[in-house]
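Working notes, beginning with the structure itself.
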Amino acid sequence: MPWYVLYTKPRNEKKTAALLQEKGVEVYCPVQEVLKQWSDRKKKILEPVFRSYVFVQMAAYEREQVEILETPGAVRFLWWQKKPGIVRDEEIEAIKSFLNDYRDARISVIMQPGQDVEITEGPLREQKGRIVKIKGKKAILQVRSLGWNIMAELPVQSLKKQ
């Protein structure tokens, strides 16, 4: 059975995966342990490796997709060349093996000035913009909305490549 890539609401990957598992759907949400620093403490938490994505295994996409998309947190399936994107079993196994062998590895998406992005969270959610400058983990964007140019400084993790 092929795996499909399901796009979820921001920060809903683990919750959506759990709800799908309750429905009896085979789902894979790769996570890794990360040490988070708060002002008063440090804590190890499990964070999704691929933000806003989980892998779902289905025998019949046309028949099963509706039930999956009705799950809270599910947004849409990833499409490639006018077809639902398929991930092979060996690619899922490679991800599992990689995360098992390299527990401290970090997977990141490189963002660069001039790149078009979509904002995935916050008050400007679903707006499109262009990266003007990267400052550490923040990006300065030019957002064209309602005919105005707005400059916004946002966390890089709240952006998605176009």
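We name chains A, B, ... following the order of the structure tokens; residues begin at 1 in each chain, and ligands are numbered from 1 as shown.
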Q: Would you please give, as JSON, numbers by chain, all residues of stretch 57-142 of chain A that DSSP assigns to helix (DSSP H, G or I) based on the backbone?
A: {"A": [61, 62, 63, 64, 65, 66, 67, 68, 69, 89, 90, 91, 92, 93, 94, 95, 96, 97, 98, 99, 100, 101]}
Could those selected residues go to a file with C-alpha atoms, as a PDB file, in the first residue's frame?
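Listing of part_6.pdb after writing:
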ATOM      1  CA  TYR A  61      -6.993   7.015  -2.212  1.00  0.00           C
ATOM      2  CA  GLU A  62     -10.278   7.974  -3.926  1.00  0.00           C
ATOM      3  CA  ARG A  63     -12.381   6.025  -1.429  1.00  0.00           C
ATOM      4  CA  GLU A  64     -10.464   6.750   1.807  1.00  0.00           C
ATOM      5  CA  GLN A  65      -9.356  10.375   1.400  1.00  0.00           C
ATOM      6  CA  VAL A  66     -12.640  11.966   2.523  1.00  0.00           C
ATOM      7  CA  GLU A  67     -12.659  10.233   5.906  1.00  0.00           C
ATOM      8  CA  ILE A  68      -9.064  11.297   6.485  1.00  0.00           C
ATOM      9  CA  LEU A  69      -9.684  14.913   5.449  1.00  0.00           C
ATOM     10  CA  ASP A  89       7.635   2.065   1.665  1.00  0.00           C
ATOM     11  CA  GLU A  90      11.420   2.080   1.273  1.00  0.00           C
ATOM     12  CA  GLU A  91      11.474   5.889   1.644  1.00  0.00           C
ATOM     13  CA  ILE A  92       9.451   5.686   4.872  1.00  0.00           C
ATOM     14  CA  GLU A  93      11.829   2.971   6.121  1.00  0.00           C
ATOM     15  CA  ALA A  94      14.811   5.157   5.171  1.00  0.00           C
ATOM     16  CA  ILE A  95      13.396   8.038   7.255  1.00  0.00           C
ATOM     17  CA  LYS A  96      12.829   5.691  10.209  1.00  0.00           C
ATOM     18  CA  SER A  97      16.327   4.257   9.895  1.00  0.00           C
ATOM     19  CA  PHE A  98      17.944   7.679   9.552  1.00  0.00           C
ATOM     20  CA  LEU A  99      16.152   9.037  12.641  1.00  0.00           C
ATOM     21  CA  ASN A 100      17.078   5.902  14.594  1.00  0.00           C
ATOM     22  CA  ASP A 101      20.763   6.027  13.578  1.00  0.00           C
TER      23      ASP A 101
END
Polymer residues at most 10 Å from stretch 70-72 of chain A, only C-alpha atoms, same-chain spacing of 4 or more positions, as a JSON list (two decimals) with C-alpha atoms, in the first residue's frame:
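Written out: part.json:
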[["chain", "number", "residue", "atom", "x", "y", "z"],
["A", 8, "THR", "CA", -1.96, 19.48, 8.68],
["A", 9, "LYS", "CA", -2.73, 22.68, 10.50],
["A", 12, "ASN", "CA", -1.24, 19.73, 14.85],
["A", 15, "LYS", "CA", -2.67, 15.32, 17.45],
["A", 16, "THR", "CA", -3.91, 14.65, 13.89],
["A", 17, "ALA", "CA", -1.82, 11.46, 13.71],
["A", 19, "LEU", "CA", -6.89, 10.93, 15.79],
["A", 20, "LEU", "CA", -6.20, 9.07, 12.53],
["A", 23, "LYS", "CA", -9.90, 5.66, 13.21],
["A", 65, "GLN", "CA", -9.36, 10.38, 1.40],
["A", 66, "VAL", "CA", -12.64, 11.97, 2.52],
["A", 76, "ARG", "CA", -5.21, 18.62, 2.36]]
Q: Measure the distance from atom CA of A:Val54 to atom CA of A:Tyr7 in Å and round it to one decimal.
A: 6.8 Å
Q: Please report, as JSON, numbers by chain, each residue of chain A to which DSSP assigns strand (DSSP E or B) when run on this structure's backbone.
A: {"A": [3, 4, 5, 6, 7, 8, 26, 27, 28, 31, 32, 33, 34, 35, 36, 37, 42, 43, 44, 45, 46, 47, 48, 53, 54, 55, 56, 57, 74, 75, 76, 77, 79, 80, 83, 84, 86, 87, 116, 117, 118, 119, 128, 129, 130, 131, 132, 133, 134, 135, 138, 139, 140, 141, 142, 143, 144, 145, 148, 149, 150, 151, 152, 153, 154, 155, 159, 160, 161]}
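For the pair atom CA of A:Val49 and atom CA of A:Val156, the interatomic distance is 15.0 Å.
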(Q) Would you compute the distance between atom CA of A:Val117 and atom CA of A:Trp79? Give it in Å to one decimal. (A)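 Distance between the two atoms: 17.7 Å.
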Just the residues within 12 Å of A:Phe50, please, counting only C-alpha atoms, with nothing from its chain fewer than 5 positions along; format it as a compact mmCIF listing (two decimals) with C-alpha atoms, in the first residue's frame.
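File around15.txt, as written:
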# COMPACT_ATOMS: atom_id res chain seq x y z
CA VAL A 5 1.58 13.05 2.46
CA LEU A 6 -1.10 14.82 4.50
CA TYR A 7 -0.69 18.54 5.20
CA THR A 8 -1.96 19.48 8.68
CA PRO A 10 0.43 24.18 12.07
CA ARG A 11 1.46 22.39 15.28
CA ASN A 12 -1.24 19.73 14.85
CA GLU A 13 0.90 16.89 13.46
CA LYS A 14 0.95 14.61 16.52
CA TYR A 28 3.54 7.85 10.50
CA CYS A 29 4.52 11.12 12.14
CA PRO A 30 8.30 11.14 12.50
CA VAL A 31 9.40 12.84 15.72
CA GLN A 32 12.68 13.54 17.46
CA PHE A 55 2.38 10.24 6.22
CA ILE A 95 13.40 8.04 7.26
CA ARG A 106 18.41 18.24 12.44
CA ILE A 107 16.41 18.47 9.24
CA SER A 108 15.80 22.00 8.06
CA VAL A 109 14.50 23.82 5.05
CA GLN A 157 9.29 28.13 11.20
CA LYS A 160 6.42 27.63 3.95
(Q) Applying 8 Å and only C-alpha atoms, which residues near A:Ile86 remain after dropping the ones on its own chain fewer than 5 positions away? List them as a list in words. (A)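 That gives Pro2, Trp3, Tyr4 and Val5 of chain A.
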For A:Pro113, work out the shell of residues within 10 Å, counting only C-alpha atoms and skipping chain neighbours fewer than 3 positions away, then give it as a PDB file with N, CA and C atoms, in the first residue's frame.
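Writing done, so here's around37.pdb:
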ATOM      1  N   ASP A 116       9.883  33.332  -2.463  1.00  0.00           N
ATOM      2  CA  ASP A 116       8.466  33.524  -2.188  1.00  0.00           C
ATOM      3  C   ASP A 116       8.011  32.479  -1.180  1.00  0.00           C
ATOM      4  N   ARG A 130       7.509  37.799   0.180  1.00  0.00           N
ATOM      5  CA  ARG A 130       8.857  37.546  -0.318  1.00  0.00           C
ATOM      6  C   ARG A 130       9.839  37.879   0.796  1.00  0.00           C
ATOM      7  N   ILE A 131      10.801  36.964   1.025  1.00  0.00           N
ATOM      8  CA  ILE A 131      11.806  37.185   2.064  1.00  0.00           C
ATOM      9  C   ILE A 131      12.743  38.301   1.625  1.00  0.00           C
ATOM     10  N   VAL A 132      12.894  39.303   2.498  1.00  0.00           N
ATOM     11  CA  VAL A 132      13.809  40.415   2.231  1.00  0.00           C
ATOM     12  C   VAL A 132      15.162  40.137   2.879  1.00  0.00           C
ATOM     13  N   LYS A 133      15.113  39.610   4.122  1.00  0.00           N
ATOM     14  CA  LYS A 133      16.340  39.388   4.881  1.00  0.00           C
ATOM     15  C   LYS A 133      16.097  38.308   5.923  1.00  0.00           C
ATOM     16  N   ILE A 134      17.140  37.525   6.229  1.00  0.00           N
ATOM     17  CA  ILE A 134      17.085  36.516   7.290  1.00  0.00           C
ATOM     18  C   ILE A 134      17.987  37.001   8.422  1.00  0.00           C
ATOM     19  N   ALA A 139      12.712  36.010   9.865  1.00  0.00           N
ATOM     20  CA  ALA A 139      12.758  36.466   8.477  1.00  0.00           C
ATOM     21  C   ALA A 139      11.994  37.779   8.373  1.00  0.00           C
ATOM     22  N   ILE A 140      12.532  38.705   7.617  1.00  0.00           N
ATOM     23  CA  ILE A 140      11.826  39.947   7.335  1.00  0.00           C
ATOM     24  C   ILE A 140      11.202  39.761   5.964  1.00  0.00           C
ATOM     25  N   LEU A 141       9.883  39.930   5.908  1.00  0.00           N
ATOM     26  CA  LEU A 141       9.128  39.677   4.680  1.00  0.00           C
ATOM     27  C   LEU A 141       8.529  40.956   4.134  1.00  0.00           C
TER      28      LEU A 141
END
